[in-house]
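The block underneath contains the structure these notes are about, expressed in structure tokens.
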Amino acid sequence: MITLLLLIPIIGSLILLFIPETSTSVAIQQAGGAGASGSVIGGNQIKMKKIALITSLLNLFVSLFIWFQFDSNQTQYQFVSEFNQLNFCHLNFGIDGISLYFVLLTTFVTPVALLSNYTNITNNLKTFLISFLLLESLQICAFVSLDLLLFYIFFESVLPILFIIIVLFGHGNDRFRSALLLFLYTLAGSLPIFQLISLYEISLESQKILWLGFFIAFAVKTPLYPFIIWLPKAHADSPLAGSIILAATILKLATYGYLRVLINFLPDATNYFNPLVQTIAVIAIIYASFSTIIQQDTKRLIAYSSISHMGVVVLGLFSNTIQGIEGAILLALAHGFVSPALFICVGGIIYDRTGKRIINYIRGLATYMPVFTIIFFIFTLCNTGIPLSLNFLGEQLSLIGIWQQNPIIASLGATGIVLSACYSIFLYNRLSYGDYSPHMQPVKDITRREYYLLISLLIPTIAFGILPNVLLTSLHTSVSALLYAC
Amino acid sequence: MYLSIIILPLLGSIVSGFMGRKVGVTGSLFITCTCLILSSVLMTVAFYEVGLCGSPVSINLGSWIDSEIMSISWEFYYDQLTVSLGLAVLYCSSLIHIYSISYMSEDPHVQRFMSYLSAFTAGMLVLISGGNYFVMFIGWETIGVVSYLLINFYFTRIQANKASILALTMNRVGDMGLSIGFFAIFSLFGSLNYSTIFSLSPYMNETAITIISLLLFMGAMAKSANIPFHSWLPGSMEAPTPVSALLHAATLVTAGIYLLLRSSPILEYSSTALLVITLIGATTAFFAATSGLVQNDLKRIIAFSTISQLGYMVMAVGLSQYNVALMHTVNHAFFKALLFLGAGAVIHSFADQQDIRKMGGLIKFLPFTYSVMLVGSLSLLATPFLTGFYSKDLILELAFGQYTFSGFYAYILGTITAGITAFYSFRLISLVFLTVPNGPKFNYLHSHESNLAIIIPLVILALFSILFGFVFSDLFVGVGSDFFGNSLFIHPNNISIIEAEFSLNLIIKLLPVILSLIGSVLAIYLYHNNPEFINQLTDNSISKKIYGFLNGKYYFDVIYNHYFISKGLLLGYTISKELWGFVLGPYGLSTAFTNTGKNIAKLDTGIVTTYALYITLGLLSLLFVVFAPILIDVSMLSEFRLVIIYLASIILVLSFPSLNNKN
């Protein structure tokens with residue numbers, strides 16, 4: 001089953017490889033007006049997009065089927081597939097309660113990412129589609145691989161593809177630098193893993209060293225203070241689909257890494273370093289929130305807000321309680337729904353129509369785009385962690401978990417509740433209300449494609465917020481095993 | 001039936017909000033008003049069943065969160081507290097819906113407005129009927145968000161934007177306190193269900209109970225506009241007047257009081273928390289009354305009066321007289337809604353003028369509105385045997401009857417506040433209705449009494465303001481009344497109703513009434529009969545300073561803006577530009593490397609003696625490293641976390657040159 005999950009995107013990209021791109025694509029520039037260029041695009045391009053979309057949707061259905069078949073009472077890995085013919089590593093794949101939702105998130109977000117840039121990528125379309133399908137495959141590999149070396153390989157393998165996406169399809173003149181920054185920062189962070197991966201004698205001392213090596217790698221990816229600078233730059237310059245994947249799933253690689261490697265394999269060292277992690281996470285929450293408030297670039301603002309949310313996730317993960325870890329996973333999922341939606345709102349819908357991302361130029365969108373404003377408002381609220389959204393449950397459970405470890409850290413982490421409201425509502429208010437901006441032409445409300453994109457992200461956020469037990473039942477056994485089993 | 005009470009307003013809101021284009025203005029008005037009236041009728045039945053017959057109802061709709069020992073259900077609980085408050089909420093809300101038919105008739109966004117109003121009512125009902133703290137929190141946040149939307153109803157106005165952001169963020173500060181309170185409750189009790197917590201709280205550590213109580217009180221302070229989280233309420237008067245009546249007088253601001261009333265079994269076991277609550281409540285009452293004394297905006301005066309009355313309620317909670325606090329909450333909902341709606345009628349018929357200095361003489365033009373405003377004001381300042389009298393006077397008597405420092409403090413401030421309340425209420429009445437006309441002639445020519453949709457709610461509310469206290473006071477606050485059953489808990493040590501009723505001096509009991517009388521007569525005299533005197537009074541520098549201080553609301557906004565908002569933004573700028581841009585960012589790292597290289601290169605001076613010094617130093621260091629284990633204790637190096645701190649500080653020190661060079 002997992003093999004299928006991994007192979008479908010690869011097969012899809014192989015099919016795409018043999019379809020020639022039409023020559024018309026050269027003439028059409030990557031213009032802002034998405035709707036206008038729709039009619040001119042060659043037939044092959046539409047075919048390619050459809051193939052990519054169908055592939056990713058097929059993968060989504062396969063993963064949903066896996067969820068349906070998943071036995072939540074087992075602690076072992078399920079759907080295990082082994083390829084022991086290869087002798088340099090153990091090419092084994094399997095899913096347990098922890099990785100299940102990250103795989104589902106990946107398969108869910110990939111079609112969303114493809115659809116989000118469905119009309120405004122015309123140059124190098126084939127590269128674009130293939131890289132996203134490959135990215136999906138590689139991420140799933142990272143989530144399901146049962147071998148530390150393979151995990152490392154797949155953890156790193158997403159970087160070159162992201163680099164290509166940002167350089168080829170990004171905005172702004174600074175994009176090469178941003179891409180390079182992303183690549184170097186995360187690679188430099190990950191190198192310690194590579195060097196330490198060969199250690200296998202686990203005394204407490206070497207556990208500590210091992211732990212630090214892994215932690216730096218994951219901290220860069222999370223991102224935690226002080227390794228955060230790559231994230232806002234990468235988000236600001238990458239195309240919309242890249243931002244979506246980056247926020248929704250690439251950051252979750254680190255969340256998954258904490259759970260799978262640090263807490264699972266190195267529990268003593270985790271316990272030893274707990275105060276350090278909590279301090280760093282609290283600093284990340286507060287500092288990131290404060291610098292979010294003053295951002296002028298909408299995409300950059302959302303990127304900074306991701307940092308503070310991931311700080312809460314890390315607090316929950318290192319709380320050493322069931323509520324904390326389950327809450328952290330819920331919050332990670334919720335962030336995977338809400339953050340892409342906000343990126344689509346500001347980086348897709350507003351940017352496509354006005355070509356502007358600086359907040360000062362945008363004002364009074366409620367006048368011309370009422371439907372968009374409603375949906376944007378709901379997502380803004382979800383971002384602040386309003387009850388009935390999954391974010392609320394994740395945040396509250398994480399902080400309840402950490403309170404049982406350290407009340408002061410929990411209280412400091414709870415300042416995120418105020419600060420997230422400050423920056424989210426401030427952003428929403430400036431964009432949506434007030435007089436209509438003199439810098440903008442009258443714009444149209446959201447199209448059908450954008451509407452369904454946003455609604456498809458909204459439904460899980462609210463539905464799981466009302467009935468989180470759907471998710472929690474499969475988590476209980478795995479998380480209990482993580483904490484209590486020897 | 002009990003669920004329909006909540007679902008009907010929600011339904012009205014959804015239909016009016018998402019299908020407003022289909023159902024049209026009339027349809028939206030019809031649907032929301034019908035839903036609300038039906039819901040009120042059902043609530044009346046619920047009041048009979050639960051309140052009068054004394055049979056609380058609990059509804060469990062299944063599990064919400066289930067994580068290890070944490071088990072939270074979708075649970076609704078109707079007891080005497082819920083239905084008493086629910087009656088006030090739904091009656092006021094229905095009347096305000098009907099009022100809005102006429103008041104908003106010329107607005108292009110009627111459907112949106114009605115949808116918000118109904119959503120707010122639904123949120124308020126969830127808040128008061130939730131069966132555990134998390135379900136309650138849903139309602140709590142819903143009313144906060146809808147309040148943001150309603151304050152921002154005229155969304156092109158910058159003042160409305162500012163006020164709504166302030167309201168939301170200030171409420172979020174309270175939510176933070178409340179959330180932390182939830183964390184503490186969960187780690188202490190292992191549950192968030194009311195029944196579990198309340199039955200266990202006698203056996204818990206008093207310090208923990210105090211912390212929890214104070215955190216819950218922080219949430220209540222923000223929602224109920226107590227010092228220091230009060231400054232959003234005057235600003236929120238940017239909203240349309242029905243909103244001010246519904247949210248900022250009758251219901252939303254009482255949510256904090258409800259939280260305290262609901263948590264009475266926790267609060268009762270912490271005398272410290274009760275003391276804090278009393279002090280803050282009394283201070284708020286006094287502060288708001290003095291600020292309201294010199295405001296010039298019609299709605300703003302009533303807003304400050306609301307804050308002041310909320311202070312009374314919080315004070316009553318702090319004195320452990322929960323039933324009196326509830327009685328005052330309900331009474332206040334009726335007479336304050338009446339005052340706001342009356343003010344709305346004045347504003348509506350007087351060309352949207354809100355400055356009371358530009359009104360006057362309206363008694364001839366709006367006699368009906370004058371009558372209801374007078375009824376509201378008299379009820380507010382506790383004229384004997386009107387509604388307000390039965391709760392407000394009782395609070396003051398109970399405060400004195402405690403014979404404690406906090407009770408005495410509350411009594412003194414409360415009594416003075418009663419006098420000031422009378423003064424500013426009659427200042428409003430005389431400036432708007434009695435004195436010589438001060439407005440433009442155009443406004444007077446076009447002023448007219450409002451139509452039936454406005455008059456009916458005003459009449460009903462006026463009747464409530466006159467009669468409700470008389471009818472219900474023995475039920476709610478009578479000596480020995482067991483109406484509230486288990487829903488409110490007063491520790492036997494804290495019951496002081498007997499002393500208050502039977503042992504106080506007559507002068508103590510009459511002092512608030514006497515002061516109110518003096519205040520109202522003085523106000524009419526100063527603003528109606530002898531306005532020159534007050535002009536002369538304020539014509540010197542000290543008076544002007546005092547006037548500025550009071551009119552500027554004790555400069556709380558200035559303090560917030562200067563010390564919190566701008567400092568916070570500056571901090572954000574420093575972090576994102578300086579810290580992450582220069583010190584820890586890529587630019588900072590590269591310059592740090594270059595500068596370190598340059599600094600090291602400076603060592604290369606070409607002077608032989610310097611080199612000799614380096615050699616000596618190097619030799620000494622080498623010797624030190626070799627003999628260090630013998631000479632000093634190196635065990636601190638074995639602590640791994642310390643090593644990290646050393647490394648971090650070295651990196652910081654290295655990057656300092658890059659910071660200096662930048663400037």
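Chain labels A, B, ... are given in the sequence in which chains occur in the structure tokens; within each chain residues are numbered consecutively from 1, and ligands are likewise numbered from 1 in the order shown.
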Q) Can you list every residue in segment 18-144 of chain B that DSSP puts in strand (DSSP E or B), as an MDAnalysis selection string? A) chainID B and resid 57:67 70:78 130 132
Can you write out as a Markdown table which residues of chain A fall within 6 Å of chain B, alongside each residue's closest atom pair and its distance in Å to one decimal, counting only C-alpha atoms and ordering rows by chain and ascending residue number?
```
| residue | atom | partner | partner_atom | distance |
| --- | --- | --- | --- | --- |
| A:Ile229 | CA | B:Gly585 | CA | 5.9 |
| A:Phe290 | CA | B:Gly572 | CA | 4.4 |
| A:Ser291 | CA | B:Gly572 | CA | 4.1 |
| A:Gln323 | CA | B:Ser67 | CA | 6.0 |
| A:Pro387 | CA | B:Ile138 | CA | 5.3 |
| A:Ile400 | CA | B:Phe183 | CA | 4.8 |
| A:Ile417 | CA | B:Met176 | CA | 5.9 |
| A:Val418 | CA | B:Arg172 | CA | 5.2 |
| A:Cys422 | CA | B:Thr169 | CA | 5.9 |
| A:Tyr433 | CA | B:Phe155 | CA | 5.4 |
| A:Gly434 | CA | B:Thr156 | CA | 3.9 |
| A:Asp435 | CA | B:Thr156 | CA | 5.2 |
| A:Leu467 | CA | B:Trp64 | CA | 5.9 |
```
Output all heavy atoms for every residue in that selection, as a JSON list (two decimals), in the first residue's frame.
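Final output, result_14.json:
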```json
[["chain", "number", "residue", "atom", "x", "y", "z"],
["A", 229, "ILE", "N", 16.00, 32.90, 10.01],
["A", 229, "ILE", "CA", 15.99, 33.97, 9.02],
["A", 229, "ILE", "C", 15.67, 33.46, 7.62],
["A", 229, "ILE", "O", 15.15, 34.18, 6.78],
["A", 229, "ILE", "CB", 17.34, 34.72, 9.05],
["A", 229, "ILE", "CG1", 17.16, 36.09, 8.44],
["A", 229, "ILE", "CG2", 18.42, 33.97, 8.33],
["A", 229, "ILE", "CD1", 16.39, 37.01, 9.33],
["A", 290, "PHE", "N", 6.47, 39.34, 18.11],
["A", 290, "PHE", "CA", 6.72, 40.78, 18.08],
["A", 290, "PHE", "C", 7.19, 41.23, 16.71],
["A", 290, "PHE", "O", 6.79, 42.27, 16.22],
["A", 290, "PHE", "CB", 7.74, 41.17, 19.15],
["A", 290, "PHE", "CG", 7.11, 41.51, 20.46],
["A", 290, "PHE", "CD1", 7.26, 40.71, 21.55],
["A", 290, "PHE", "CD2", 6.31, 42.62, 20.56],
["A", 290, "PHE", "CE1", 6.66, 41.01, 22.76],
["A", 290, "PHE", "CE2", 5.70, 42.95, 21.76],
["A", 290, "PHE", "CZ", 5.88, 42.13, 22.86],
["A", 291, "SER", "N", 8.04, 40.42, 16.07],
["A", 291, "SER", "CA", 8.49, 40.89, 14.77],
["A", 291, "SER", "C", 7.44, 40.65, 13.70],
["A", 291, "SER", "O", 7.52, 41.25, 12.63],
["A", 291, "SER", "CB", 9.81, 40.26, 14.37],
["A", 291, "SER", "OG", 9.80, 38.90, 14.64],
["A", 323, "GLN", "N", -1.29, 14.81, 26.59],
["A", 323, "GLN", "CA", -2.04, 15.95, 26.07],
["A", 323, "GLN", "C", -1.14, 16.85, 25.24],
["A", 323, "GLN", "O", -1.52, 17.30, 24.17],
["A", 323, "GLN", "CB", -2.65, 16.80, 27.20],
["A", 323, "GLN", "CG", -3.80, 16.19, 27.91],
["A", 323, "GLN", "CD", -3.34, 15.50, 29.18],
["A", 323, "GLN", "OE1", -2.33, 15.89, 29.76],
["A", 323, "GLN", "NE2", -4.04, 14.48, 29.60],
["A", 387, "PRO", "N", -11.82, 29.13, 19.41],
["A", 387, "PRO", "CA", -12.46, 27.84, 19.66],
["A", 387, "PRO", "C", -13.31, 27.39, 18.46],
["A", 387, "PRO", "O", -13.78, 28.25, 17.70],
["A", 387, "PRO", "CB", -13.36, 28.12, 20.85],
["A", 387, "PRO", "CG", -12.77, 29.26, 21.52],
["A", 387, "PRO", "CD", -12.12, 30.08, 20.48],
["A", 400, "ILE", "N", -1.56, 23.04, 27.91],
["A", 400, "ILE", "CA", -1.96, 22.28, 29.11],
["A", 400, "ILE", "C", -0.87, 21.27, 29.42],
["A", 400, "ILE", "O", -0.49, 21.07, 30.58],
["A", 400, "ILE", "CB", -3.31, 21.58, 28.86],
["A", 400, "ILE", "CG1", -4.45, 22.56, 29.09],
["A", 400, "ILE", "CG2", -3.49, 20.39, 29.80],
["A", 400, "ILE", "CD1", -5.81, 21.99, 28.86],
["A", 417, "ILE", "N", -1.21, 33.75, 22.64],
["A", 417, "ILE", "CA", -2.66, 33.91, 22.42],
["A", 417, "ILE", "C", -2.98, 35.38, 22.16],
["A", 417, "ILE", "O", -3.73, 35.71, 21.25],
["A", 417, "ILE", "CB", -3.43, 33.40, 23.65],
["A", 417, "ILE", "CG1", -3.21, 31.90, 23.79],
["A", 417, "ILE", "CG2", -4.90, 33.70, 23.53],
["A", 417, "ILE", "CD1", -3.81, 31.32, 25.05],
["A", 418, "VAL", "N", -2.38, 36.26, 22.96],
["A", 418, "VAL", "CA", -2.62, 37.70, 22.77],
["A", 418, "VAL", "C", -1.94, 38.18, 21.49],
["A", 418, "VAL", "O", -2.55, 38.82, 20.64],
["A", 418, "VAL", "CB", -2.08, 38.50, 23.96],
["A", 418, "VAL", "CG1", -2.33, 39.97, 23.75],
["A", 418, "VAL", "CG2", -2.69, 38.04, 25.23],
["A", 422, "CYS", "N", -3.15, 39.97, 18.03],
["A", 422, "CYS", "CA", -2.71, 41.30, 17.61],
["A", 422, "CYS", "C", -2.30, 41.30, 16.15],
["A", 422, "CYS", "O", -2.85, 42.04, 15.34],
["A", 422, "CYS", "CB", -1.54, 41.77, 18.47],
["A", 422, "CYS", "SG", -1.97, 42.12, 20.15],
["A", 433, "TYR", "N", -10.53, 46.45, 5.68],
["A", 433, "TYR", "CA", -11.41, 47.56, 6.03],
["A", 433, "TYR", "C", -10.78, 48.89, 5.66],
["A", 433, "TYR", "O", -9.68, 48.96, 5.15],
["A", 433, "TYR", "CB", -11.75, 47.51, 7.51],
["A", 433, "TYR", "CG", -12.56, 46.29, 7.89],
["A", 433, "TYR", "CD1", -12.54, 45.76, 9.16],
["A", 433, "TYR", "CD2", -13.36, 45.66, 6.95],
["A", 433, "TYR", "CE1", -13.29, 44.65, 9.51],
["A", 433, "TYR", "CE2", -14.11, 44.56, 7.27],
["A", 433, "TYR", "CZ", -14.08, 44.05, 8.54],
["A", 433, "TYR", "OH", -14.82, 42.97, 8.87],
["A", 434, "GLY", "N", -11.51, 49.94, 5.96],
["A", 434, "GLY", "CA", -11.08, 51.27, 5.57],
["A", 434, "GLY", "C", -11.60, 51.61, 4.19],
["A", 434, "GLY", "O", -12.30, 50.81, 3.54],
["A", 435, "ASP", "N", -11.26, 52.81, 3.71],
["A", 435, "ASP", "CA", -11.64, 53.19, 2.35],
["A", 435, "ASP", "C", -10.92, 52.32, 1.35],
["A", 435, "ASP", "O", -9.87, 51.76, 1.65],
["A", 435, "ASP", "CB", -11.23, 54.66, 2.08],
["A", 435, "ASP", "CG", -12.10, 55.60, 2.87],
["A", 435, "ASP", "OD1", -13.22, 55.18, 3.18],
["A", 435, "ASP", "OD2", -11.64, 56.71, 3.16],
["A", 467, "LEU", "N", -14.87, 17.84, 16.07],
["A", 467, "LEU", "CA", -14.75, 16.41, 16.41],
["A", 467, "LEU", "C", -13.30, 15.95, 16.34],
["A", 467, "LEU", "O", -12.93, 15.19, 15.45],
["A", 467, "LEU", "CB", -15.60, 15.58, 15.43],
["A", 467, "LEU", "CG", -17.10, 15.77, 15.52],
["A", 467, "LEU", "CD1", -17.78, 15.11, 14.35],
["A", 467, "LEU", "CD2", -17.62, 15.19, 16.82]]
```
Contacts of Ile263 of chain A at 12 Å (only C-alpha atoms; same-chain gap of 4+ positions) as a CSV table (one decimal) with N, CA, C and O atoms, in the first residue's frame:
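Okay, selection10.csv is ready:
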```
chain,number,residue,atom,x,y,z
A,207,GLN,N,24.5,10.0,23.9
A,207,GLN,CA,23.1,10.4,23.6
A,207,GLN,C,23.0,11.9,23.5
A,207,GLN,O,22.3,12.4,22.6
A,211,TRP,N,21.9,13.8,20.4
A,211,TRP,CA,20.7,14.6,20.5
A,211,TRP,C,20.9,16.0,20.0
A,211,TRP,O,20.1,16.5,19.2
A,214,PHE,N,21.0,16.1,16.1
A,214,PHE,CA,19.7,16.0,15.5
A,214,PHE,C,18.9,17.3,15.8
A,214,PHE,O,18.2,17.8,14.9
A,215,PHE,N,19.0,17.8,17.0
A,215,PHE,CA,18.2,19.0,17.4
A,215,PHE,C,18.5,20.2,16.5
A,215,PHE,O,17.6,20.9,16.1
A,255,THR,N,8.8,18.6,12.9
A,255,THR,CA,7.9,18.1,14.0
A,255,THR,C,8.0,16.6,14.1
A,255,THR,O,8.1,16.0,15.1
A,256,TYR,N,7.9,16.0,12.9
A,256,TYR,CA,7.9,14.6,12.8
A,256,TYR,C,9.3,14.0,13.3
A,256,TYR,O,9.3,13.1,14.1
A,257,GLY,N,10.3,14.8,13.0
A,257,GLY,CA,11.7,14.3,13.4
A,257,GLY,C,11.8,14.4,14.9
A,257,GLY,O,12.4,13.4,15.5
A,258,TYR,N,11.3,15.4,15.5
A,258,TYR,CA,11.4,15.5,17.0
A,258,TYR,C,10.7,14.2,17.6
A,258,TYR,O,11.3,13.6,18.5
A,259,LEU,N,9.5,13.9,17.1
A,259,LEU,CA,8.8,12.8,17.7
A,259,LEU,C,9.5,11.5,17.4
A,259,LEU,O,9.8,10.7,18.3
A,267,PRO,N,15.4,9.3,24.7
A,267,PRO,CA,14.5,9.9,25.7
A,267,PRO,C,15.3,10.5,26.9
A,267,PRO,O,14.9,11.6,27.4
A,268,ASP,N,16.4,9.9,27.3
A,268,ASP,CA,17.1,10.5,28.4
A,268,ASP,C,17.7,11.8,28.1
A,268,ASP,O,17.6,12.8,28.8
A,269,ALA,N,18.3,11.9,26.9
A,269,ALA,CA,18.8,13.2,26.5
A,269,ALA,C,17.7,14.2,26.3
A,269,ALA,O,17.9,15.4,26.6
A,270,THR,N,16.6,13.8,25.8
A,270,THR,CA,15.5,14.7,25.6
A,270,THR,C,15.1,15.3,27.0
A,270,THR,O,14.9,16.5,27.1
A,271,ASN,N,15.0,14.4,28.0
A,271,ASN,CA,14.7,14.8,29.3
A,271,ASN,C,15.7,15.8,29.8
A,271,ASN,O,15.4,16.8,30.4
A,272,TYR,N,17.0,15.5,29.5
A,272,TYR,CA,18.1,16.3,30.0
A,272,TYR,C,18.0,17.7,29.4
A,272,TYR,O,18.2,18.7,30.0
A,273,PHE,N,17.7,17.8,28.1
A,273,PHE,CA,17.7,19.1,27.4
A,273,PHE,C,16.4,19.8,27.4
A,273,PHE,O,16.2,20.8,26.7
A,274,ASN,N,15.4,19.2,28.0
A,274,ASN,CA,14.0,19.8,28.0
A,274,ASN,C,14.0,21.3,28.3
A,274,ASN,O,13.4,22.0,27.6
A,314,VAL,N,6.5,23.0,19.4
A,314,VAL,CA,7.7,22.4,20.0
A,314,VAL,C,7.5,22.3,21.5
A,314,VAL,O,7.8,21.3,22.2
A,317,LEU,N,5.4,19.3,22.1
A,317,LEU,CA,6.2,18.0,21.9
A,317,LEU,C,7.1,17.7,23.1
A,317,LEU,O,7.2,16.5,23.5
A,318,PHE,N,7.7,18.7,23.7
A,318,PHE,CA,8.6,18.5,24.7
A,318,PHE,C,8.0,18.6,26.1
A,318,PHE,O,8.7,18.9,27.1
A,319,SER,N,6.7,18.4,26.2
A,319,SER,CA,6.0,18.5,27.5
A,319,SER,C,6.0,17.2,28.2
A,319,SER,O,5.7,17.2,29.4
A,320,ASN,N,6.3,16.1,27.5
A,320,ASN,CA,6.4,14.8,28.2
A,320,ASN,C,5.0,14.4,28.7
A,320,ASN,O,4.9,13.6,29.7
A,321,THR,N,3.9,14.9,28.2
A,321,THR,CA,2.6,14.5,28.5
A,321,THR,C,1.9,14.1,27.3
A,321,THR,O,2.2,14.6,26.2
A,325,ILE,N,1.7,16.2,23.6
A,325,ILE,CA,2.2,15.7,22.3
A,325,ILE,C,1.0,15.6,21.4
A,325,ILE,O,1.1,16.0,20.2
A,479,VAL,N,1.1,7.5,20.7
A,479,VAL,CA,1.7,8.5,21.6
A,479,VAL,C,2.0,7.8,23.0
A,479,VAL,O,3.0,8.1,23.6
A,481,ALA,N,2.6,4.8,23.5
A,481,ALA,CA,3.8,3.9,23.4
A,481,ALA,C,5.1,4.7,23.4
A,481,ALA,O,6.1,4.3,23.9
A,482,LEU,N,5.0,5.9,22.8
A,482,LEU,CA,6.1,6.8,22.7
A,482,LEU,C,6.6,7.2,24.1
A,482,LEU,O,7.8,7.2,24.4
A,483,LEU,N,5.6,7.5,25.0
A,483,LEU,CA,6.0,8.0,26.3
A,483,LEU,C,6.2,6.9,27.3
A,483,LEU,O,7.1,7.0,28.1
A,484,TYR,N,5.4,5.8,27.3
A,484,TYR,CA,5.4,4.9,28.4
A,484,TYR,C,6.1,3.6,28.1
A,484,TYR,O,6.6,2.9,29.0
A,485,ALA,N,6.2,3.2,26.8
A,485,ALA,CA,6.9,1.9,26.5
A,485,ALA,C,8.4,2.1,26.6
A,485,ALA,O,8.9,3.2,26.4
A,486,CYS,N,9.1,1.0,27.0
A,486,CYS,CA,10.5,1.1,27.1
A,486,CYS,C,11.2,0.9,25.8
A,486,CYS,O,10.7,0.1,25.0
```
Q. For the atom pair atom CA of Gly17 of chain B and atom CA of Ile375 of chain A, what is the interatomic distance in Å to one decimal place?
A.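 About the pair atom CA of Gly17 of chain B and atom CA of Ile375 of chain A: they are 13.0 Å apart.
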Q: Find the distance between atom CA of Arg112 of chain B and atom CA of Tyr368 of chain A and write it in Å to one decimal.
A: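 Straight-line distance from atom CA of Arg112 of chain B to atom CA of Tyr368 of chain A works out to 15.7 Å.
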Q | Residue neighbourhood segment 457-465 of chain A, 10 Å, only C-alpha atoms, exclusion window fewer than 3 positions, as an MDAnalysis selection string | A | (chainID A and resid 108:109 112 330 333:341 375 378:379 382 386:394 452:454 468:472) or (chainID B and resid 64:65)
At most 8 Å is the cut-off: for each residue in segment 92-204 of chain B with any atom that close to an atom of segment 21-29 of chain B, write down the nearest atom pair and the distance in Å rounded to one decimal, counting only C-alpha atoms, chain first then increasing number, as a Markdown table.
```
| residue | atom | partner | partner_atom | distance |
| --- | --- | --- | --- | --- |
| B:Ile101 | CA | B:Leu29 | CA | 6.7 |
| B:Val110 | CA | B:Val25 | CA | 6.3 |
| B:Gln111 | CA | B:Ser28 | CA | 5.8 |
| B:Met114 | CA | B:Leu29 | CA | 7.0 |
```
Residues from the last selection, C-alpha atoms, saved as a PDB file, in the first residue's frame:
```
ATOM      1  CA  ILE B 101     -35.859  47.138  12.456  1.00  0.00           C
ATOM      2  CA  VAL B 110     -29.260  45.261   7.351  1.00  0.00           C
ATOM      3  CA  GLN B 111     -28.841  41.524   6.777  1.00  0.00           C
ATOM      4  CA  MET B 114     -29.035  41.253  11.992  1.00  0.00           C
TER       5      MET B 114
END
```
**Q.** Nearest to Ser94 of chain B by atom-to-atom distance, counting only C-alpha atoms, from B:Ile37, B:Met237, B:Leu413, B:Leu61
**A.**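 Of all the options, B:Ile37 lies closest to Ser94 of chain B.
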Q.
From the options A:Thr127, A:Thr279, A:Thr3, A:Ser137, which residue's atoms come nearest to Thr55 of chain A, counting only C-alpha atoms?
A.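 Nearest candidate to Thr55 of chain A out of A:Thr127, A:Thr279, A:Thr3, A:Ser137: A:Ser137.
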Q.
Here is a test: counting only C-alpha atoms, which residue of A:Tyr423, A:Tyr428, A:Trp67, A:Tyr287 is nearest to Val346 of chain A?
A.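 Checking each candidate against Val346 of chain A, we get A:Tyr428 as the closest.
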Q: Within segment 98-258 of chain A, find each residue whose DSSP state, derived from the backbone, is helix (DSSP H, G or I), and express the selection as number ranges by chain.
A: A: 98-116, 125-144, 148-169, 175-196, 204-221, 230-237, 240-258
(Q) When you look at Leu104 of chain A with a cut-off of 8 Å (counting only C-alpha atoms), what residues show up, excluding the ones that are within fewer than 5 positions of it in the same chain? I need them as a PyMOL selection string. (A) chain A and resi 60+63-64
Resulting file, chosen residues, C-alpha atoms, as an mmCIF file, in the first residue's frame:
```
data_model
loop_
_atom_site.group_PDB
_atom_site.id
_atom_site.type_symbol
_atom_site.label_atom_id
_atom_site.label_comp_id
_atom_site.auth_asym_id
_atom_site.auth_seq_id
_atom_site.Cartn_x
_atom_site.Cartn_y
_atom_site.Cartn_z
ATOM 1 C CA LEU A 60 -4.905 11.414 -1.684
ATOM 2 C CA SER A 63 -3.793 7.672 1.659
ATOM 3 C CA LEU A 64 -7.385 8.089 2.816
#
```
Q.
Just checking: using only C-alpha atoms, which residue out of B:Pro457, B:Pro384, B:Pro228, B:Gly414 ends up closest to Leu341 of chain B?
A.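 Under the stated criterion, the closest residue is B:Pro457.
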